[in-house]
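> Next comes the structure file final_6.txt, holding compact mmCIF, C-alpha atoms and all ligand atoms.
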```txt
# COMPACT_ATOMS: atom_id res chain seq x y z
CA MET A 1 116.33 51.94 147.78
CA SER A 2 113.11 53.91 148.04
CA LYS A 3 111.23 54.50 144.78
CA LEU A 4 109.82 57.76 146.18
CA PHE A 5 113.37 59.07 146.42
CA GLU A 6 114.54 57.90 143.01
CA PRO A 7 115.29 60.70 140.55
CA LEU A 8 112.85 61.36 137.72
CA ARG A 9 113.62 62.91 134.37
CA ILE A 10 111.00 65.37 133.03
CA GLY A 11 111.91 67.19 129.86
CA ASN A 12 115.48 68.44 130.25
CA PHE A 13 115.20 68.45 134.03
CA THR A 14 115.97 65.83 136.63
CA LEU A 15 113.83 65.82 139.75
CA SER A 16 115.83 64.60 142.74
CA ASN A 17 112.84 62.58 144.01
CA ARG A 18 109.19 61.98 143.11
CA ILE A 19 107.52 64.29 145.60
CA THR A 20 106.02 67.42 144.04
CA VAL A 21 104.16 70.34 145.57
CA ALA A 22 100.67 70.71 144.08
CA PRO A 23 99.47 74.16 143.07
CA MET A 24 97.60 75.78 145.95
CA CYS A 25 95.72 79.06 145.65
CA GLN A 26 96.56 81.35 148.54
CA TYR A 27 94.00 84.09 147.79
CA SER A 28 96.60 86.59 148.96
CA ALA A 29 97.55 88.52 145.83
CA VAL A 30 96.92 92.20 145.15
CA ASP A 31 95.68 92.95 141.62
CA GLY A 32 97.05 89.54 140.60
CA SER A 33 100.54 90.23 141.99
CA MET A 34 102.11 87.89 144.50
CA THR A 35 102.90 89.36 147.92
CA ASP A 36 105.09 88.64 150.93
CA TRP A 37 102.67 85.86 151.86
CA HIS A 38 103.77 84.03 148.71
CA ILE A 39 107.42 84.50 149.64
CA MET A 40 106.73 82.87 152.99
CA HIS A 41 104.51 80.10 151.61
CA LEU A 42 106.63 79.20 148.57
CA GLY A 43 109.85 79.56 150.57
CA SER A 44 108.45 77.03 153.02
CA MET A 45 107.37 74.64 150.25
CA ALA A 46 110.70 75.04 148.42
CA THR A 47 112.67 74.02 151.51
CA SER A 48 110.42 71.02 152.26
CA GLY A 49 112.60 68.49 150.44
CA ALA A 50 110.14 68.12 147.54
CA SER A 51 111.75 68.18 144.09
CA MET A 52 109.24 70.16 142.05
CA LEU A 53 106.99 73.06 142.98
CA VAL A 54 103.95 74.19 141.03
CA ILE A 55 102.98 77.74 141.94
CA GLU A 56 99.23 78.26 142.35
CA ALA A 57 96.75 78.87 139.52
CA ALA A 58 97.54 82.21 137.89
CA GLY A 59 94.78 83.79 135.81
CA VAL A 60 95.85 84.56 132.24
CA VAL A 61 93.40 87.47 132.24
CA PRO A 62 91.98 89.42 135.23
CA GLU A 63 88.50 87.95 134.61
CA GLY A 64 90.04 84.45 134.65
CA ARG A 65 90.93 84.68 138.34
CA ILE A 66 88.72 82.70 140.70
CA THR A 67 88.66 85.53 143.24
CA PRO A 68 89.87 89.13 143.21
CA GLN A 69 92.68 87.95 145.51
CA CYS A 70 93.93 85.24 143.15
CA VAL A 71 97.28 85.42 141.40
CA GLY A 72 97.39 86.53 137.77
CA LEU A 73 100.02 86.64 135.06
CA TYR A 74 98.47 89.24 132.80
CA SER A 75 100.34 92.45 133.66
CA ASP A 76 103.90 93.71 133.89
CA ALA A 77 103.40 94.14 137.63
CA ASN A 78 102.32 90.48 137.97
CA GLU A 79 105.39 89.40 136.02
CA GLU A 80 107.68 91.50 138.24
CA ALA A 81 106.12 90.02 141.37
CA LEU A 82 106.64 86.50 140.01
CA THR A 83 110.25 87.34 139.15
CA ARG A 84 110.77 88.45 142.77
CA VAL A 85 109.39 85.13 143.99
CA THR A 86 111.59 83.21 141.53
CA LYS A 87 114.72 84.98 142.72
CA PHE A 88 113.80 84.29 146.32
CA VAL A 89 113.05 80.59 145.76
CA ARG A 90 116.23 80.09 143.71
CA GLY A 91 118.17 81.58 146.60
CA VAL A 92 116.94 79.01 149.09
CA SER A 93 116.41 75.80 147.12
CA PRO A 94 117.38 73.87 143.98
CA ILE A 95 113.70 72.88 143.46
CA VAL A 96 112.36 72.67 139.89
CA LEU A 97 109.97 75.61 139.73
CA GLY A 98 106.92 76.26 137.58
CA ILE A 99 103.54 77.94 137.62
CA GLN A 100 100.04 76.74 136.83
CA LEU A 101 98.37 78.95 134.23
CA ALA A 102 94.61 79.09 134.51
CA HIS A 103 91.30 80.59 133.56
CA ALA A 104 88.42 80.03 135.94
CA GLY A 105 85.65 80.29 133.32
CA ARG A 106 82.19 80.29 134.92
CA LYS A 107 83.72 79.74 138.39
CA ALA A 108 85.49 83.11 138.32
CA SER A 109 84.26 86.19 140.20
CA SER A 110 83.90 84.34 143.51
CA HIS A 111 84.61 84.88 147.17
CA ARG A 112 87.69 83.30 148.65
CA PRO A 113 87.05 80.20 150.78
CA TRP A 114 87.16 81.97 154.11
CA ASN A 115 84.58 84.47 152.81
CA GLY A 116 82.18 81.73 151.75
CA ARG A 117 83.33 80.78 148.20
CA GLY A 118 80.03 81.82 146.55
CA PRO A 119 79.70 84.19 143.58
CA LEU A 120 80.47 87.89 144.16
CA LYS A 121 77.43 90.16 144.07
CA PRO A 122 77.36 93.22 141.78
CA ASN A 123 78.04 95.52 144.75
CA GLU A 124 81.02 93.32 145.71
CA GLY A 125 82.85 93.87 142.42
CA ALA A 126 81.42 90.94 140.45
CA TRP A 127 82.43 90.65 136.81
CA GLN A 128 80.89 88.89 133.81
CA CYS A 129 82.24 85.34 133.50
CA GLU A 130 82.69 83.46 130.25
CA ALA A 131 82.42 79.77 129.47
CA PRO A 132 81.86 77.45 126.49
CA SER A 133 78.08 77.55 127.03
CA ALA A 134 75.68 79.81 128.89
CA ILE A 135 75.10 77.29 131.69
CA ALA A 136 75.42 78.46 135.30
CA LEU A 137 77.52 76.43 137.73
CA ASP A 138 74.57 76.06 140.09
CA ASN A 139 71.27 77.70 141.02
CA ASP A 140 72.75 80.67 142.87
CA TRP A 141 75.44 81.31 140.26
CA PRO A 142 75.24 83.79 137.38
CA VAL A 143 74.84 82.58 133.80
CA PRO A 144 78.20 82.95 131.99
CA HIS A 145 78.60 84.49 128.56
CA ALA A 146 79.00 81.75 125.92
CA MET A 147 82.32 82.42 124.21
CA THR A 148 82.33 83.25 120.54
CA ARG A 149 85.27 82.24 118.34
CA ALA A 150 86.54 85.83 118.71
CA ASP A 151 86.41 85.45 122.52
CA MET A 152 88.29 82.16 122.22
CA ASP A 153 90.96 83.83 120.08
CA ARG A 154 91.34 86.61 122.62
CA ALA A 155 91.63 84.10 125.47
CA LYS A 156 94.09 81.98 123.48
CA ALA A 157 96.32 85.03 122.93
CA ALA A 158 96.26 85.65 126.70
CA TRP A 159 97.31 82.05 127.46
CA VAL A 160 100.17 82.37 124.98
CA PHE A 161 101.28 85.73 126.36
CA ALA A 162 101.17 84.40 129.93
CA ALA A 163 103.40 81.48 128.88
CA LYS A 164 105.92 84.02 127.54
CA ARG A 165 105.74 85.98 130.79
CA ALA A 166 106.27 82.76 132.80
CA ALA A 167 109.42 81.98 130.81
CA ARG A 168 110.72 85.52 131.26
CA ALA A 169 110.04 85.35 134.99
CA GLY A 170 112.33 82.32 135.22
CA MET A 171 109.90 79.40 135.39
CA ASP A 172 111.34 75.98 134.48
CA PHE A 173 107.90 74.84 133.33
CA VAL A 174 104.27 75.82 133.03
CA GLU A 175 101.31 73.65 133.91
CA VAL A 176 98.01 74.18 132.10
CA HIS A 177 95.03 73.99 134.45
CA SER A 178 92.64 71.63 132.75
CA THR A 179 90.56 70.25 135.62
CA HIS A 180 88.34 71.18 138.59
CA GLY A 181 85.59 72.73 136.46
CA TYR A 182 87.54 75.77 135.28
CA LEU A 183 87.58 76.97 131.66
CA PHE A 184 89.47 74.12 129.92
CA SER A 185 87.60 71.58 131.99
CA GLU A 186 84.33 73.32 131.03
CA PHE A 187 85.16 72.90 127.35
CA LEU A 188 86.07 69.24 127.89
CA SER A 189 83.05 68.16 129.94
CA PRO A 190 79.75 67.45 128.20
CA LEU A 191 78.01 68.74 131.34
CA SER A 192 79.27 72.30 130.83
CA ASN A 193 79.87 72.30 127.07
CA GLN A 194 76.73 72.11 124.97
CA ARG A 195 78.05 73.97 121.97
CA THR A 196 76.78 73.08 118.54
CA ASP A 197 79.87 74.27 116.63
CA ASP A 198 83.24 72.52 116.08
CA TYR A 199 84.04 72.88 119.80
CA GLY A 200 81.09 70.94 121.26
CA GLY A 201 79.49 67.52 120.94
CA SER A 202 82.03 64.75 120.33
CA LEU A 203 85.08 64.29 122.54
CA GLN A 204 87.26 65.34 119.60
CA ASN A 205 85.33 68.59 119.33
CA ARG A 206 85.35 69.30 123.07
CA MET A 207 89.14 68.78 123.21
CA ARG A 208 89.76 70.90 120.12
CA TRP A 209 90.15 74.35 121.71
CA PRO A 210 92.12 73.30 124.83
CA LEU A 211 94.55 71.39 122.58
CA GLU A 212 94.79 74.30 120.15
CA VAL A 213 95.73 76.62 123.02
CA PHE A 214 98.18 74.11 124.48
CA ARG A 215 99.95 73.77 121.11
CA ALA A 216 100.14 77.54 120.67
CA MET A 217 101.67 77.88 124.14
CA ARG A 218 104.14 75.09 123.45
CA GLU A 219 105.30 76.96 120.33
CA VAL A 220 106.30 80.06 122.29
CA PHE A 221 107.44 78.46 125.56
CA PRO A 222 111.19 77.81 125.29
CA ALA A 223 111.99 74.33 123.99
CA ASP A 224 114.52 73.70 126.77
CA LYS A 225 111.78 74.16 129.39
CA PHE A 226 108.81 71.83 129.75
CA MET A 227 105.04 72.01 129.83
CA GLY A 228 102.52 69.82 131.57
CA ALA A 229 98.84 69.79 132.45
CA LYS A 230 96.61 68.99 135.37
CA ILE A 231 93.66 67.06 133.99
CA SER A 232 90.50 65.38 135.22
CA GLY A 233 90.20 61.63 135.57
CA SER A 234 86.47 62.01 136.13
CA ASP A 235 83.69 64.53 136.75
CA PHE A 236 82.27 62.01 139.25
CA TYR A 237 78.90 62.66 137.63
CA ASP A 238 76.60 60.67 135.33
CA GLY A 239 76.94 61.85 131.76
CA GLY A 240 80.20 63.67 132.55
CA TRP A 241 83.91 63.26 131.79
CA THR A 242 85.22 59.71 132.30
CA PRO A 243 88.56 57.92 132.82
CA ASP A 244 88.31 56.78 129.16
CA ASP A 245 88.15 60.44 128.10
CA ALA A 246 91.14 61.22 130.32
CA VAL A 247 93.21 58.56 128.53
CA VAL A 248 92.37 60.04 125.11
CA TYR A 249 93.03 63.61 126.24
CA ALA A 250 96.34 62.71 127.92
CA GLY A 251 97.43 60.96 124.71
CA GLU A 252 96.62 64.10 122.70
CA LEU A 253 98.44 66.32 125.20
CA LYS A 254 101.46 64.07 124.91
CA LYS A 255 101.40 64.47 121.13
CA ALA A 256 101.11 68.24 121.64
CA GLY A 257 104.32 68.22 123.67
CA ALA A 258 103.17 67.77 127.28
CA ALA A 259 105.98 66.26 129.35
CA TYR A 260 103.63 65.17 132.14
CA VAL A 261 100.04 65.19 133.37
CA THR A 262 98.79 65.15 136.93
CA VAL A 263 95.44 63.42 137.13
CA SER A 264 92.87 64.99 139.44
CA GLY A 265 89.10 65.36 138.98
CA GLY A 266 85.77 66.87 139.93
CA GLY A 267 84.66 70.48 140.14
CA VAL A 268 82.36 70.68 137.13
CA ARG A 269 79.24 70.05 139.24
CA LEU A 270 78.97 71.15 142.83
CA ASP A 271 76.53 68.29 143.57
CA ALA A 272 78.94 65.57 142.31
CA LYS A 273 79.47 62.72 144.76
CA VAL A 274 83.25 62.52 145.01
CA PRO A 275 84.30 59.27 146.73
CA ILE A 276 86.91 60.98 148.89
CA GLY A 277 89.29 58.56 150.59
CA PRO A 278 92.99 57.70 150.61
CA GLY A 279 94.40 57.88 147.07
CA TYR A 280 90.90 58.16 145.55
CA GLN A 281 92.19 59.46 142.20
CA VAL A 282 95.20 57.15 141.87
CA PRO A 283 93.38 54.68 139.54
CA PHE A 284 92.92 57.52 137.01
CA ALA A 285 96.66 58.26 136.95
CA GLU A 286 97.35 54.55 136.66
CA ARG A 287 95.20 54.19 133.53
CA VAL A 288 96.61 57.33 131.93
CA LYS A 289 100.19 56.18 132.60
CA ARG A 290 99.63 52.60 131.41
CA GLU A 291 97.63 53.46 128.30
CA THR A 292 99.51 56.53 127.04
CA GLY A 293 103.01 56.16 128.49
CA ILE A 294 103.02 59.82 129.51
CA CYS A 295 104.77 60.70 132.77
CA ALA A 296 101.83 60.73 135.20
CA GLY A 297 101.38 62.26 138.62
CA ALA A 298 98.91 60.99 141.20
CA VAL A 299 97.10 63.45 143.47
CA GLY A 300 94.38 63.31 146.10
CA LEU A 301 94.68 62.28 149.75
CA ILE A 302 98.12 60.80 149.50
CA THR A 303 99.29 61.51 153.01
CA ASP A 304 101.52 58.69 154.19
CA PRO A 305 105.09 57.95 152.98
CA GLN A 306 104.51 54.20 152.63
CA GLN A 307 101.27 54.85 150.70
CA ALA A 308 103.19 57.12 148.31
CA GLU A 309 105.99 54.55 147.99
CA ASP A 310 103.49 51.74 147.23
CA ILE A 311 101.78 53.77 144.47
CA LEU A 312 105.12 54.18 142.72
CA VAL A 313 106.30 50.61 143.33
CA LYS A 314 103.06 49.29 141.82
CA GLY A 315 103.68 51.48 138.78
CA GLN A 316 100.44 53.42 139.26
CA ALA A 317 102.15 56.79 138.80
CA ASP A 318 105.57 58.32 138.12
CA PHE A 319 105.34 60.97 140.79
CA ILE A 320 103.20 62.07 143.71
CA SER A 321 101.61 65.51 143.99
CA LEU A 322 100.82 66.68 147.53
CA ALA A 323 98.64 69.58 148.59
CA ARG A 324 96.91 69.63 151.99
CA VAL A 325 99.36 67.39 153.80
CA LEU A 326 102.14 69.85 152.92
CA LEU A 327 100.18 72.71 154.47
CA PHE A 328 99.73 70.53 157.54
CA ASN A 329 103.36 69.48 157.61
CA PRO A 330 105.75 71.31 155.26
CA ARG A 331 108.54 68.96 156.37
CA TRP A 332 106.67 65.91 155.02
CA PRO A 333 109.26 65.06 152.34
CA GLN A 334 112.14 65.23 154.82
CA HIS A 335 110.18 63.10 157.31
CA ALA A 336 109.29 60.63 154.52
CA ALA A 337 112.99 60.29 153.69
CA VAL A 338 113.69 59.31 157.30
CA THR A 339 110.81 56.79 157.26
CA LEU A 340 111.94 55.24 153.98
CA GLY A 341 115.67 55.30 154.70
CA ALA A 342 116.51 57.87 152.03
CA ASP A 343 117.95 61.37 151.88
CA ALA A 344 116.15 64.61 151.13
CA PHE A 345 117.33 68.16 150.53
CA TYR A 346 117.70 70.45 153.54
CA PRO A 347 118.83 74.06 153.22
CA PRO A 348 122.19 74.30 155.01
CA GLN A 349 120.62 76.39 157.76
CA TYR A 350 118.36 73.39 158.59
CA GLU A 351 120.81 70.54 157.95
CA ARG A 352 121.30 69.86 161.63
CA GLY A 353 117.57 69.18 161.95
CA GLY A 354 118.01 65.91 160.04
CA PRO A 355 118.02 63.02 162.56
CA LYS A 356 121.18 61.58 160.98
CA LEU A 357 123.06 64.50 162.52
CA TRP A 358 121.45 64.31 165.94
CA ALA A 359 123.99 61.91 167.46
CA PRO A 360 126.77 63.65 169.44
CA GLY A 361 129.84 64.37 167.33
CA LYS A 362 128.00 63.93 164.04
CA THR A 363 127.71 67.59 163.17
CA PHE A 364 130.88 69.60 163.53
CA GLY A 365 133.08 67.25 165.56
CA LYS A 366 133.94 68.81 168.87
CA TRP A 367 131.86 71.87 167.95
CA ALA A 368 128.66 69.78 168.11
CA ALA A 369 126.65 71.97 170.40
C1 LIG B 1 94.44 75.56 149.64
C2 LIG B 1 94.29 74.80 148.36
C3 LIG B 1 94.41 75.47 147.15
C4 LIG B 1 94.34 74.78 145.94
N1 LIG B 1 94.57 75.44 144.77
C5 LIG B 1 94.69 74.73 143.61
C6 LIG B 1 95.18 75.33 142.43
O1 LIG B 1 95.55 76.51 142.39
N2 LIG B 1 95.25 74.56 141.31
C7 LIG B 1 94.94 73.22 141.32
O2 LIG B 1 95.02 72.56 140.28
N3 LIG B 1 94.51 72.63 142.44
C8 LIG B 1 94.41 73.34 143.57
N4 LIG B 1 94.07 72.70 144.74
C9 LIG B 1 93.86 71.24 144.70
C10 LIG B 1 95.15 70.51 145.03
O3 LIG B 1 96.22 70.88 144.18
C11 LIG B 1 94.95 68.99 145.01
O4 LIG B 1 94.62 68.60 143.69
C12 LIG B 1 93.85 68.55 145.97
O5 LIG B 1 93.89 69.30 147.18
C13 LIG B 1 93.97 67.07 146.32
O6 LIG B 1 95.24 66.79 146.87
P1 LIG B 1 95.49 66.66 148.47
O7 LIG B 1 94.56 65.59 148.96
O8 LIG B 1 96.95 66.29 148.59
O9 LIG B 1 95.17 67.97 149.10
C14 LIG B 1 94.10 73.38 145.95
C15 LIG B 1 93.96 72.72 147.17
C16 LIG B 1 94.07 73.40 148.35
C17 LIG B 1 93.96 72.63 149.65
```
Show me, as structure tokens, the structure contained in the file I just sent.
Ligand SMILES: Cc1cc2nc3c(=O)[nH]c(=O)nc-3n(C[C@H](O)[C@H](O)[C@H](O)COP(=O)(O)O)c2cc1C

Amino acid sequence: MSKLFEPLRIGNFTLSNRITVAPMCQYSAVDGSMTDWHIMHLGSMATSGASMLVIEAAGVVPEGRITPQCVGLYSDANEEALTRVTKFVRGVSPIVLGIQLAHAGRKASSHRPWNGRGPLKPNEGAWQCEAPSAIALDNDWPVPHAMTRADMDRAKAAWVFAAKRAARAGMDFVEVHSTHGYLFSEFLSPLSNQRTDDYGGSLQNRMRWPLEVFRAMREVFPADKFMGAKISGSDFYDGGWTPDDAVVYAGELKKAGAAYVTVSGGGVRLDAKVPIGPGYQVPFAERVKRETGICAGAVGLITDPQQAEDILVKGQADFISLARVLLFNPRWPQHAAVTLGADAFYPPQYERGGPKLWAPGKTFGKWAA
């Protein structure tokens, strides 16, 4: 029996296997509202055979979007567009469906990747970014506004309201984006947070606001649905966030009601040396899982079914989160099931694509044509 295809209980939900679709920005929204591209993309991911799908980072305020083309969940129109996507996905797949809520902090107001990623210029519609401290991401980037407590309260209210919208739009769960150098991650990392108030300095202080927001969201998000977070295992930078910090933060998130964390990393400094290679972030998930007992997802260059199986068999993670390999091959989970001798979901329209039904007579008896 393959471990990758064993069910997993998260909150009140049972995932049919341990393959989850990582959130992936598509930079294809209009005023924060998802479009037909999202129907195509998420429809494809939902019929992949994976058991859980995290919709891309959605800005809780317009200024919290990475690019002007990023998804948001701050307006009625955004909520309607998400509801349309939910209805579509539910019609094609039993996948457990949620959305990543996000605020890009000092990395907002950027170009999308295929337009160069850099900061927007004033004549390109740039907006003022905010962050825990007035420290620019890099030399060519604008200095963000250092958030006051009033700014933090305003942002917190937006996170909470977005969680309500996500529930109304039919999400099974929300994931709080707490890595990759965006706003929560900026509060957590000593490289981007140099505040001298109760929200800077010690680890306890740097975690204070993200945890406060998480708790406030958990209070309004329906108890029968679950919440999780994507966190950093490391900033991959001297003097930055460490795996030890990740263990403490994951433990606090668990106490605050997080049902899972996915452990990623990087993004706070553009000049960080990230040791990219197969499963390069798995050891972070392993420590978080072992030392806190929270349900932990591993992410980062997990591309091969046996590699994914081994991570789970060794107890390094509870589930696998896949991004790029699913863009490359959206049938990866179904192919992995064949490799590992297990079964995966196919929509009925695609059932005959499964190799088990390729032999003559296997499909509809004498109608097997
Ligand atoms: C096109 C693309 C968009 C992404 N958007 C997000 C996102 O919205 N939120 C997030 O947490 N990570 C995002 N990521 C990072 C992935 O979720 C994942 O953590 C990373 O790509 C490493 O996993 P992989 O090696 O399987 O791709 C994105 C990655 C890609 C390739």
> Check which residues fall inside 7 Å of ligand LIG 1 (chain B) when counting all atoms listed in the file, and print them as a PyMOL selection string.
chain A and resi 22-26+56-57+100+177+179+230+264+299-303+321-325
> Go through A:Ala102, A:Ala308, A:Ala246, A:Val143 and flag the residue nearest Val213 in chain A, using only C-alpha atoms for the distances.
A:Ala102
> For range 77-83 of chain A, find every residue with an atom within 10 Å (counting all atoms listed in the file), except residues of its own chain fewer than 6 positions away, and show them as a list in words.
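After dropping sequence-adjacent residues, the list is Ala29, Val30, Asp31, Gly32, Ser33, Met34, Thr35, Asp36, His38, Ile39, Ile55, Ala58, Val71, Val89, Ile99, Ala162, Arg165, Ala166, Ala167, Arg168, Ala169, Gly170 and Met171 of chain A.
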> Neighbourhood query: residues within 10 Å of (112.4, 64.6, 145.5), file coordinates, counting only C-alpha atoms; return as a ChimeraX atom specification.
/A:4-8,14-20,48-52,95-96,319-320,333-334,337,343-345
> Return as lines of an AutoDock Vina configuration file the centre and edge lengths, in Å with one decimal, of the box along x, y and z that encloses every atom of range 45-50 of chain A in the file, padded by 5 Å per side.

```
center_x = 110.0
center_y = 71.6
center_z = 149.9
size_x = 15.3
size_y = 16.9
size_z = 14.7
```
